[in-house]
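Right, one structure below, let's go through it.
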Amino acid sequence: MDLRLTDEQEMLLKASTEFLAARYPRSRVRDPQARPDADYRRQAAELGWYGLLVGEDLGGGSLSGEPVVDCALLARALGAQLQPGPFLGTALAALALAADGSPEQHRGVLADLLAGRSAAAWAVVDAGGDPAPTAGVSARRAGEGGYTLHGAKTAVEGAGDSDLLLVTGTSEAGPTQFLVPRDAPGVSVQELEGLDITRRFAEVTFADVAVGPEALVGAAGGAGGLVDRMWDIACVLTVADMVGAMERDFAAALEYSGQRIAFGRPIGSFQAVKHLLADTSLLLEMSNALLFAAARAVGSGASDGARLTSMAKSFVSDSGVDLVHNCFQVFGGIGFTWEHDQHLYLRRVTTDAALFGDAVSHRERICVLAGL
Amino acid sequence: MSSDPTGSTPSSEPAVSVQEFRTALRRWLQDTLEPDDPVARGVRRFRALTPADLTAERGLQARLHAAGYAGLTVPTEYGGRGLTAAHQRVFDEETSSYRLPDFGVASMTTALCLRTMLAHSAPDMLRRHVPRILRGEELWAQFFSETEAGSDLAGVRTRATRRDDGWVLDGGKVWSSGAQYCDFGMCLTRTNWKVAKHRGLTWFAVPLDAPGVRIEPIHQIGGEAEFCQEFFDGVVIDDGERIGEVDDGWTVARTVLVLERGFAEEGATVPSLAGEHTDLVALVRASGRAQDPVVRQELATVLTHDYAVAHLEQWIAEYMAGSGGLDAGVAAYAALAAGTFTPERAKAVMRIVGRDAVLWPAGDTERGAPALEYLNSRRKAIAGGTNEVQRNGIGEQVLGLPREPSFDSRMPFDEVLRAARNWSGRVG
């Protein structure tokens, strides 16, 4: 089962899949030296990836009038292909600039992001562990409308492959966002080792980084609403990434269960395996249903957008991990081999489950939203 | 189409536009019907109907029919309006806050039997029954399961034997909801024992006041008596009351199984949780454990599963609307989701509420509600095909996995029963 796609959505997904197969196939995903380079970005930009959350007047354009759904469809396809960044960070930075940026930023850096001339990573997660997206980096007024940034963010996807960092922090006025060149003096990017070998995450420290007024995205202190919205969209896109990887892993396990012979029968004919696969596919269908329910609600600004986002993130985080383990069980021994892709899905999905709030934290948020 | 050479034009009645329909309906509803709410609807769903209730509901249905609002998509020759699914959707939207005729579970069974008949019965039979159904004069029960055949529905043993121009029924049915209020039962029988089990089945309309029909209520573990058991002893049925072809009942059964899973009405499934379950947020507040982090995690899990199941139903309905077909395998997802998450929810409620869920003041039905929900919670894991059968359906019909080895699909049914008594597990 799937959504009924519009012609434009189908075209984007088909063109993107072809592009990835040619430009960043599984052999590149597995290559520890491989990086999505400027050429990858430029071609992706031509497909319209980075402007999906930006209005046409600013050079972007959604496909269906439901930009978050379009974005989720693409994120799901990227998860299925186990792609590295910089899609999420760049699309969200573009959204932030389109929503709160100045006309100069619209003409300059936003246009660069949409054209793939620049890529952005979103530095939002406090390295110290405070769950608030504005925690971890503080900004002090300095000089002619400028600021000095200090602190550290972590789990910044694709920081090493981006030339810009969208930094969500706190100034004296409140929640404030800055767009900072990655090579600005005082910025240091330390790539982290991690479970997921298909993407790279970094800890970014800001040691009194001086930025001018042009780095400010929107009014100082006024970013709270936008950050909340970006966070929910990031959750939805992370869920989409998981669902894409889940779909591929499940399809591979299903195919294998029809081919592998044991006790004189394909193992998928045994009810013990068949029922495991049926239960697993139910989790997958429910995950897809919740993903697009959340994408629609967040996209339309519906009052239950936050609740559905947290439901989708908590449900799919748990179900995704269950799914990759169930698929692993179907594969048996071959799933333990480096050459088999099973471990790539296991790594990717389990990592997504922990990003942008794990299942436990989203369940707590559901309680708060229910008035408890 | 080119015009008729004689110069005449087709004289069919101009179709009512959806907008005109909505306007007229809205006015009629305001003038005629009482308001209603989802909670009241949920309470009525499984209520016991008194004779006075039945008379009142039949009267309300007759008024609905007289005003032209019964059987919207049913062809006009059978007393319906012959309108489109879009009109039906408008009707569903506009009437959602009004008190419609409500025979409880018999409303659902009658609707399912009506839809099945429209797909499979001969025109004569439809002309006899459908207008009466639409006027509220006939309620129909589903005679599917037997004490020896539930999930394996094709294994039914109620016997229909040919006699003259009719049939004689012997055997019995069980788990028929609301049969005590109904006028007819749509009954699956075996008409041929010398062929494989799916090939010898035939459906009949059984009049419940016929000689030889006996109906007994079944007392459930929660104290309700929502279902019946029926006994047939030489019940004579006219061949004109047959639904579908002789021995081809499995074709009809496939329609029934999809309809029974609730995806018959295009676009009719909209997640609505009100009245379905106990209000868990209120229970947690009342329990004094609202700040317990374990309880909060459990609560959020249950709320999330409620929404996930509801959105799955919408996901399936959208898919079916888009693919234009009823698909029993896909419908099995909804059944398995309900069968999986309903018992889990009930168990979680018992954990959250704790001792107050197992002991409460005499007569306090509100505080007894979690226990009743707990007792009933495995129903969806069993009724309409167990979770295991739904998993087989998903595995084989949707995922395309190889079938189980089958020991009864080719053998004549009377031999199947003999062979099963000497089961050894050896093949060949």
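How things are named: the first chain in the structure tokens is A, the next is B, and so on; residues count from 1 in each chain; ligands count from 1 in the order shown.
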Sorted by chain and rising residue number, list the residues of chain A at most 9 Å from chain B (counting only C-alpha atoms), each with its closest atom pair and distance in Å to one decimal, as a Markdown table.
```
| residue | atom | partner | partner_atom | distance |
| --- | --- | --- | --- | --- |
| A:Met1 | CA | B:Tyr319 | CA | 6.3 |
| A:Asp2 | CA | B:Tyr319 | CA | 6.7 |
| A:Leu3 | CA | B:Tyr319 | CA | 7.0 |
| A:Arg4 | CA | B:Gly322 | CA | 6.9 |
| A:Leu254 | CA | B:Leu399 | CA | 7.6 |
| A:Glu255 | CA | B:Leu401 | CA | 8.9 |
| A:Ser257 | CA | B:Leu401 | CA | 7.9 |
| A:Gly258 | CA | B:Leu401 | CA | 6.4 |
| A:Arg265 | CA | B:Pro402 | CA | 9.0 |
| A:Pro266 | CA | B:Pro402 | CA | 7.4 |
| A:Ile267 | CA | B:Pro402 | CA | 8.8 |
| A:Gly268 | CA | B:Leu401 | CA | 5.8 |
| A:Ser269 | CA | B:Pro402 | CA | 4.8 |
| A:Phe270 | CA | B:Glu404 | CA | 6.9 |
| A:Gln271 | CA | B:Glu404 | CA | 7.5 |
| A:Lys274 | CA | B:Gly395 | CA | 5.7 |
| A:His275 | CA | B:Arg391 | CA | 5.4 |
| A:Leu276 | CA | B:Arg391 | CA | 8.5 |
| A:Leu277 | CA | B:Gly395 | CA | 7.0 |
| A:Ala278 | CA | B:Arg391 | CA | 5.3 |
| A:Asp279 | CA | B:Arg391 | CA | 7.1 |
| A:Ser281 | CA | B:Ile394 | CA | 8.5 |
| A:Leu282 | CA | B:Tyr333 | CA | 6.3 |
| A:Leu283 | CA | B:Ala337 | CA | 8.9 |
| A:Glu285 | CA | B:Leu312 | CA | 7.0 |
| A:Met286 | CA | B:Leu312 | CA | 5.3 |
| A:Ser287 | CA | B:Ala308 | CA | 7.7 |
| A:Asn288 | CA | B:Leu312 | CA | 8.3 |
| A:Ala289 | CA | B:Leu312 | CA | 5.4 |
| A:Leu290 | CA | B:Ala308 | CA | 6.0 |
| A:Ala293 | CA | B:His311 | CA | 7.0 |
| A:Leu308 | CA | B:Tyr307 | CA | 8.3 |
| A:Ser310 | CA | B:Thr304 | CA | 8.7 |
| A:Met311 | CA | B:Thr304 | CA | 5.3 |
| A:Ala312 | CA | B:Thr304 | CA | 7.9 |
| A:Ser314 | CA | B:Thr304 | CA | 8.1 |
| A:Phe315 | CA | B:Thr304 | CA | 7.0 |
| A:Val360 | CA | B:Gln297 | CA | 6.9 |
| A:His362 | CA | B:Ala300 | CA | 8.7 |
| A:Arg363 | CA | B:Ala300 | CA | 5.1 |
| A:Glu364 | CA | B:Gln297 | CA | 6.5 |
| A:Arg365 | CA | B:Ala300 | CA | 8.6 |
| A:Ile366 | CA | B:Ala300 | CA | 6.0 |
| A:Cys367 | CA | B:Ala300 | CA | 6.1 |
| A:Ala370 | CA | B:Val281 | CA | 7.4 |
| A:Gly371 | CA | B:Val281 | CA | 8.7 |
| A:Leu372 | CA | B:Ala290 | CA | 6.5 |
```
Please save N, CA and C atoms of the selected residues as a CSV table (one decimal), in the first residue's frame.
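The result, stored in part_2.csv:
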```csv
chain,number,residue,atom,x,y,z
A,1,MET,N,0.8,-1.2,0.0
A,1,MET,CA,0.0,0.0,0.0
A,1,MET,C,0.9,1.2,0.0
A,2,ASP,N,0.4,2.3,-0.7
A,2,ASP,CA,1.1,3.6,-0.5
A,2,ASP,C,0.2,4.7,-0.9
A,3,LEU,N,0.7,5.9,-0.7
A,3,LEU,CA,-0.1,7.1,-1.0
A,3,LEU,C,-0.3,7.1,-2.5
A,4,ARG,N,-1.4,7.7,-2.9
A,4,ARG,CA,-1.5,8.0,-4.4
A,4,ARG,C,-0.7,9.2,-4.7
A,254,LEU,N,11.9,-10.4,2.9
A,254,LEU,CA,10.8,-11.1,2.3
A,254,LEU,C,11.2,-11.9,1.1
A,255,GLU,N,12.0,-11.3,0.3
A,255,GLU,CA,12.5,-12.0,-0.9
A,255,GLU,C,13.3,-13.3,-0.5
A,257,SER,N,13.1,-14.9,2.2
A,257,SER,CA,12.3,-16.0,2.9
A,257,SER,C,11.6,-16.9,1.8
A,258,GLY,N,11.5,-16.3,0.6
A,258,GLY,CA,10.9,-17.1,-0.5
A,258,GLY,C,12.0,-18.0,-1.2
A,265,ARG,N,11.4,-26.9,2.3
A,265,ARG,CA,10.4,-25.9,1.9
A,265,ARG,C,11.1,-24.5,1.9
A,266,PRO,N,10.6,-23.5,1.2
A,266,PRO,CA,11.0,-22.1,1.4
A,266,PRO,C,10.7,-21.7,2.8
A,267,ILE,N,11.6,-21.1,3.5
A,267,ILE,CA,11.3,-20.8,5.0
A,267,ILE,C,10.1,-19.9,5.2
A,268,GLY,N,9.8,-19.1,4.2
A,268,GLY,CA,8.6,-18.2,4.3
A,268,GLY,C,7.3,-19.0,4.3
A,269,SER,N,7.3,-20.3,4.0
A,269,SER,CA,6.1,-21.1,4.0
A,269,SER,C,5.8,-21.6,5.4
A,270,PHE,N,6.8,-21.5,6.3
A,270,PHE,CA,6.5,-21.9,7.7
A,270,PHE,C,5.8,-20.8,8.4
A,271,GLN,N,4.8,-21.2,9.2
A,271,GLN,CA,4.0,-20.1,9.8
A,271,GLN,C,4.8,-19.3,10.8
A,274,LYS,N,6.4,-16.9,8.5
A,274,LYS,CA,5.3,-16.1,7.8
A,274,LYS,C,4.6,-15.2,8.8
A,275,HIS,N,4.3,-15.6,10.0
A,275,HIS,CA,3.6,-14.8,10.9
A,275,HIS,C,4.5,-13.7,11.4
A,276,LEU,N,5.8,-14.0,11.6
A,276,LEU,CA,6.8,-12.9,11.9
A,276,LEU,C,6.8,-11.8,10.8
A,277,LEU,N,6.8,-12.3,9.6
A,277,LEU,CA,6.8,-11.3,8.5
A,277,LEU,C,5.5,-10.5,8.4
A,278,ALA,N,4.4,-11.2,8.7
A,278,ALA,CA,3.1,-10.5,8.6
A,278,ALA,C,3.0,-9.4,9.7
A,279,ASP,N,3.4,-9.8,10.9
A,279,ASP,CA,3.5,-8.8,12.0
A,279,ASP,C,4.4,-7.7,11.7
A,281,SER,N,5.3,-6.6,8.7
A,281,SER,CA,4.7,-5.7,7.6
A,281,SER,C,3.6,-4.9,8.2
A,282,LEU,N,2.9,-5.4,9.2
A,282,LEU,CA,1.9,-4.5,9.9
A,282,LEU,C,2.5,-3.3,10.5
A,283,LEU,N,3.7,-3.5,11.2
A,283,LEU,CA,4.4,-2.4,11.8
A,283,LEU,C,4.8,-1.4,10.7
A,285,GLU,N,3.3,-0.9,7.7
A,285,GLU,CA,2.1,-0.2,7.2
A,285,GLU,C,1.7,0.9,8.2
A,286,MET,N,1.7,0.5,9.5
A,286,MET,CA,1.3,1.5,10.5
A,286,MET,C,2.3,2.7,10.5
A,287,SER,N,3.6,2.4,10.3
A,287,SER,CA,4.6,3.4,10.3
A,287,SER,C,4.4,4.4,9.2
A,288,ASN,N,4.1,3.8,8.0
A,288,ASN,CA,3.8,4.7,6.9
A,288,ASN,C,2.6,5.5,7.1
A,289,ALA,N,1.5,4.9,7.7
A,289,ALA,CA,0.3,5.6,7.9
A,289,ALA,C,0.5,6.8,8.9
A,290,LEU,N,1.3,6.5,10.0
A,290,LEU,CA,1.6,7.6,10.9
A,290,LEU,C,2.5,8.7,10.3
A,293,ALA,N,0.3,10.9,8.2
A,293,ALA,CA,-0.6,11.6,9.0
A,293,ALA,C,0.1,12.8,9.7
A,308,LEU,N,0.9,14.3,16.8
A,308,LEU,CA,1.1,13.3,15.7
A,308,LEU,C,2.5,13.1,15.4
A,310,SER,N,5.1,13.4,17.5
A,310,SER,CA,5.6,12.6,18.6
A,310,SER,C,5.1,11.2,18.6
A,311,MET,N,3.9,11.0,18.2
A,311,MET,CA,3.4,9.7,18.1
A,311,MET,C,4.1,8.9,16.9
A,312,ALA,N,4.3,9.6,15.8
A,312,ALA,CA,5.0,9.0,14.7
A,312,ALA,C,6.5,8.7,15.1
A,314,SER,N,7.8,8.3,18.1
A,314,SER,CA,8.0,7.2,19.1
A,314,SER,C,7.6,5.8,18.5
A,315,PHE,N,6.5,5.8,17.8
A,315,PHE,CA,6.0,4.5,17.2
A,315,PHE,C,7.0,4.0,16.2
A,360,VAL,N,11.2,7.4,24.1
A,360,VAL,CA,10.8,7.7,25.5
A,360,VAL,C,10.5,9.2,25.6
A,362,HIS,N,9.7,11.3,23.3
A,362,HIS,CA,8.4,11.7,22.6
A,362,HIS,C,7.2,11.3,23.3
A,363,ARG,N,7.3,10.1,24.0
A,363,ARG,CA,6.1,9.7,24.8
A,363,ARG,C,5.9,10.7,25.9
A,364,GLU,N,6.9,11.1,26.5
A,364,GLU,CA,6.8,12.1,27.6
A,364,GLU,C,6.1,13.4,27.0
A,365,ARG,N,6.5,13.8,25.8
A,365,ARG,CA,5.9,15.0,25.2
A,365,ARG,C,4.4,14.8,24.9
A,366,ILE,N,4.1,13.5,24.5
A,366,ILE,CA,2.6,13.2,24.3
A,366,ILE,C,1.8,13.5,25.6
A,367,CYS,N,2.4,13.1,26.7
A,367,CYS,CA,1.7,13.3,28.0
A,367,CYS,C,1.5,14.7,28.3
A,370,ALA,N,-1.1,16.2,26.3
A,370,ALA,CA,-2.4,15.7,26.7
A,370,ALA,C,-2.8,16.4,28.0
A,371,GLY,N,-2.0,17.3,28.5
A,371,GLY,CA,-2.3,18.1,29.7
A,371,GLY,C,-1.9,17.4,31.0
A,372,LEU,N,-1.1,16.4,30.9
A,372,LEU,CA,-0.6,15.8,32.2
A,372,LEU,C,0.8,16.3,32.6
```
Could you pull out the helix (DSSP H, G or I) residues of segment 343-427 of chain B, going by DSSP on the backbone, and write them as a VMD selection string? chain B and resid 343 to 357 365 to 376 379 to 382 387 to 398 413 to 421
Please dump the current selection as a short mmCIF file (atom, residue, chain, number, x, y, z; two decimals), in the first residue's frame; keep N, CA and C atoms.
```
data_model
loop_
_atom_site.label_atom_id
_atom_site.label_comp_id
_atom_site.auth_asym_id
_atom_site.auth_seq_id
_atom_site.Cartn_x
_atom_site.Cartn_y
_atom_site.Cartn_z
N PRO B 343 -6.05 -6.05 22.87
CA PRO B 343 -5.70 -6.70 24.14
C PRO B 343 -4.53 -6.01 24.85
N GLU B 344 -3.57 -5.51 24.09
CA GLU B 344 -2.44 -4.82 24.71
C GLU B 344 -2.92 -3.58 25.45
N ARG B 345 -3.87 -2.88 24.83
CA ARG B 345 -4.41 -1.68 25.47
C ARG B 345 -5.11 -2.05 26.78
N ALA B 346 -5.92 -3.09 26.71
CA ALA B 346 -6.68 -3.48 27.90
C ALA B 346 -5.74 -3.89 29.04
N LYS B 347 -4.69 -4.59 28.69
CA LYS B 347 -3.73 -5.00 29.71
C LYS B 347 -3.05 -3.77 30.32
N ALA B 348 -2.71 -2.80 29.45
CA ALA B 348 -2.06 -1.58 29.95
C ALA B 348 -2.99 -0.81 30.89
N VAL B 349 -4.28 -0.75 30.54
CA VAL B 349 -5.24 -0.05 31.40
C VAL B 349 -5.30 -0.74 32.76
N MET B 350 -5.30 -2.06 32.77
CA MET B 350 -5.34 -2.77 34.05
C MET B 350 -4.09 -2.47 34.88
N ARG B 351 -2.94 -2.38 34.23
CA ARG B 351 -1.70 -2.07 34.97
C ARG B 351 -1.75 -0.66 35.53
N ILE B 352 -2.27 0.27 34.72
CA ILE B 352 -2.28 1.67 35.14
C ILE B 352 -3.25 1.87 36.29
N VAL B 353 -4.43 1.32 36.16
CA VAL B 353 -5.46 1.57 37.17
C VAL B 353 -5.24 0.70 38.40
N GLY B 354 -4.62 -0.45 38.21
CA GLY B 354 -4.23 -1.27 39.36
C GLY B 354 -5.42 -1.87 40.09
N ARG B 355 -5.39 -1.80 41.42
CA ARG B 355 -6.40 -2.48 42.22
C ARG B 355 -7.80 -1.95 41.95
N ASP B 356 -7.90 -0.64 41.67
CA ASP B 356 -9.22 -0.07 41.41
C ASP B 356 -9.86 -0.62 40.14
N ALA B 357 -9.04 -1.29 39.30
CA ALA B 357 -9.60 -1.88 38.09
C ALA B 357 -10.16 -3.27 38.34
N THR B 365 -20.93 1.25 37.42
CA THR B 365 -20.54 0.72 36.11
C THR B 365 -19.40 1.50 35.51
N GLU B 366 -19.28 2.79 35.85
CA GLU B 366 -18.20 3.58 35.28
C GLU B 366 -16.84 3.05 35.75
N ARG B 367 -16.75 2.75 37.04
CA ARG B 367 -15.48 2.24 37.56
C ARG B 367 -15.26 0.79 37.17
N GLY B 368 -16.33 0.11 36.81
CA GLY B 368 -16.19 -1.26 36.33
C GLY B 368 -15.84 -1.34 34.86
N ALA B 369 -15.85 -0.20 34.17
CA ALA B 369 -15.66 -0.21 32.72
C ALA B 369 -14.32 -0.80 32.28
N PRO B 370 -13.19 -0.46 32.94
CA PRO B 370 -11.92 -1.06 32.49
C PRO B 370 -11.94 -2.59 32.57
N ALA B 371 -12.57 -3.13 33.61
CA ALA B 371 -12.62 -4.59 33.75
C ALA B 371 -13.44 -5.20 32.61
N LEU B 372 -14.56 -4.54 32.26
CA LEU B 372 -15.39 -5.06 31.18
C LEU B 372 -14.63 -5.00 29.85
N GLU B 373 -13.91 -3.88 29.66
CA GLU B 373 -13.13 -3.74 28.43
C GLU B 373 -12.03 -4.82 28.38
N TYR B 374 -11.48 -5.09 29.55
CA TYR B 374 -10.45 -6.14 29.64
C TYR B 374 -11.02 -7.50 29.26
N LEU B 375 -12.19 -7.81 29.82
CA LEU B 375 -12.82 -9.11 29.52
C LEU B 375 -13.11 -9.25 28.02
N ASN B 376 -13.49 -8.14 27.38
CA ASN B 376 -13.87 -8.19 25.97
C ASN B 376 -12.68 -7.99 25.02
N ARG B 379 -11.61 -10.18 22.00
CA ARG B 379 -12.63 -10.42 20.98
C ARG B 379 -12.10 -10.14 19.58
N LYS B 380 -11.43 -8.98 19.43
CA LYS B 380 -10.95 -8.63 18.09
C LYS B 380 -9.79 -9.50 17.64
N ALA B 381 -9.16 -10.21 18.58
CA ALA B 381 -8.08 -11.13 18.20
C ALA B 381 -8.64 -12.46 17.71
N ILE B 382 -9.97 -12.64 17.88
CA ILE B 382 -10.58 -13.94 17.56
C ILE B 382 -11.71 -13.80 16.53
N ASN B 387 -6.17 -13.77 14.87
CA ASN B 387 -4.93 -13.10 14.45
C ASN B 387 -4.09 -14.02 13.55
N GLU B 388 -4.07 -15.30 13.89
CA GLU B 388 -3.24 -16.24 13.13
C GLU B 388 -3.74 -16.36 11.69
N VAL B 389 -5.06 -16.39 11.54
CA VAL B 389 -5.63 -16.47 10.19
C VAL B 389 -5.36 -15.18 9.41
N GLN B 390 -5.45 -14.04 10.10
CA GLN B 390 -5.14 -12.77 9.43
C GLN B 390 -3.68 -12.74 8.99
N ARG B 391 -2.80 -13.29 9.84
CA ARG B 391 -1.37 -13.32 9.47
C ARG B 391 -1.15 -14.20 8.24
N ASN B 392 -1.86 -15.31 8.17
CA ASN B 392 -1.76 -16.14 6.97
C ASN B 392 -2.24 -15.36 5.75
N GLY B 393 -3.35 -14.64 5.91
CA GLY B 393 -3.90 -13.87 4.79
C GLY B 393 -2.92 -12.82 4.32
N ILE B 394 -2.32 -12.09 5.25
CA ILE B 394 -1.33 -11.08 4.88
C ILE B 394 -0.12 -11.75 4.22
N GLY B 395 0.37 -12.81 4.87
CA GLY B 395 1.56 -13.47 4.38
C GLY B 395 1.37 -14.02 2.97
N GLU B 396 0.22 -14.63 2.74
CA GLU B 396 0.03 -15.30 1.45
C GLU B 396 -0.57 -14.39 0.39
N GLN B 397 -1.57 -13.56 0.77
CA GLN B 397 -2.26 -12.76 -0.24
C GLN B 397 -1.57 -11.43 -0.52
N VAL B 398 -0.94 -10.84 0.48
CA VAL B 398 -0.29 -9.55 0.27
C VAL B 398 1.20 -9.71 0.01
N PHE B 413 -15.01 -33.13 0.71
CA PHE B 413 -15.10 -32.68 2.10
C PHE B 413 -15.45 -33.81 3.07
N ASP B 414 -16.31 -34.76 2.63
CA ASP B 414 -16.65 -35.83 3.58
C ASP B 414 -15.42 -36.70 3.90
N GLU B 415 -14.48 -36.83 2.94
CA GLU B 415 -13.24 -37.57 3.23
C GLU B 415 -12.31 -36.77 4.13
N VAL B 416 -12.31 -35.44 3.96
CA VAL B 416 -11.46 -34.57 4.80
C VAL B 416 -11.75 -34.84 6.27
N LEU B 417 -13.03 -34.88 6.59
CA LEU B 417 -13.40 -35.05 8.00
C LEU B 417 -12.93 -36.41 8.53
N ARG B 418 -13.07 -37.45 7.69
CA ARG B 418 -12.61 -38.78 8.12
C ARG B 418 -11.10 -38.79 8.29
N ALA B 419 -10.37 -38.22 7.29
CA ALA B 419 -8.90 -38.25 7.32
C ALA B 419 -8.36 -37.49 8.53
N ALA B 420 -9.02 -36.38 8.89
CA ALA B 420 -8.51 -35.54 9.98
C ALA B 420 -8.54 -36.27 11.31
N ARG B 421 -9.47 -37.22 11.45
CA ARG B 421 -9.55 -37.96 12.72
C ARG B 421 -8.36 -38.88 12.90
#
```
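Restricting the calculation to only C-alpha atoms, the smallest distance between Leu153 of chain B and any of B:Pro412, B:Pro217, B:Gly384, B:Gly200 is found for B:Gly384.
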I want to know what sits within 10 Å of Arg22 of chain B, based on only C-alpha atoms, with residues of the same chain fewer than 6 positions away left out; could you give that as a ChimeraX atom specification? /B:16,28,87,90-91,93-94
Shell around segment 151-166 of chain A at 8 Å using only C-alpha atoms, local window under 3 positions removed, as a PyMOL selection string: chain A and resi 35-37+84-86+89+93+118-128+136-138+177-183+189+191+199-207+355
With C-alpha atoms retained, could you export that selection as a tab-separated table (two decimals), in the first residue's frame?
```tsv
chain	number	residue	atom	x	y	z
A	35	ARG	CA	31.56	12.00	0.41
A	36	PRO	CA	28.68	13.71	-1.30
A	37	ASP	CA	30.64	16.37	-3.19
A	84	PRO	CA	24.31	10.65	3.48
A	85	GLY	CA	23.38	14.33	3.99
A	86	PRO	CA	23.12	17.19	3.37
A	89	GLY	CA	20.10	20.33	7.07
A	93	ALA	CA	18.12	25.96	6.63
A	118	SER	CA	26.21	25.83	-0.68
A	119	ALA	CA	25.12	23.19	1.80
A	120	ALA	CA	24.06	23.68	5.40
A	121	ALA	CA	24.06	21.45	8.47
A	122	TRP	CA	21.72	22.14	11.36
A	123	ALA	CA	23.56	22.57	14.67
A	124	VAL	CA	20.64	22.17	17.05
A	125	VAL	CA	21.36	19.45	19.61
A	126	ASP	CA	23.03	20.61	22.83
A	127	ALA	CA	26.32	18.80	23.37
A	128	GLY	CA	25.66	19.05	27.11
A	136	GLY	CA	24.13	24.65	24.14
A	137	VAL	CA	25.12	27.81	22.30
A	138	SER	CA	24.75	31.27	23.78
A	177	GLN	CA	19.34	31.44	14.92
A	178	PHE	CA	22.56	32.23	13.04
A	179	LEU	CA	23.99	31.09	9.75
A	180	VAL	CA	27.71	30.66	10.33
A	181	PRO	CA	30.41	29.69	7.80
A	182	ARG	CA	31.92	26.41	8.88
A	183	ASP	CA	35.41	27.85	8.45
A	189	VAL	CA	34.11	20.40	13.68
A	191	GLU	CA	33.56	14.14	13.36
A	199	ARG	CA	26.20	9.07	7.43
A	200	ARG	CA	28.62	11.24	9.36
A	201	PHE	CA	27.82	13.25	12.43
A	202	ALA	CA	29.99	15.80	14.19
A	203	GLU	CA	30.33	17.71	17.39
A	204	VAL	CA	30.76	21.39	16.63
A	205	THR	CA	32.28	23.77	19.15
A	206	PHE	CA	31.99	27.53	19.01
A	207	ALA	CA	34.85	29.23	20.88
A	355	LEU	CA	17.91	11.33	16.83
```
For the structure I just gave you, how does DSSP split segment 6-211 of chain B - specifically, which residues are strand (DSSP E or B)? Reply as a VMD selection string. chain B and resid 35 98 140 to 143 146 149 159 to 163 166 to 177 184 to 190 201 to 207
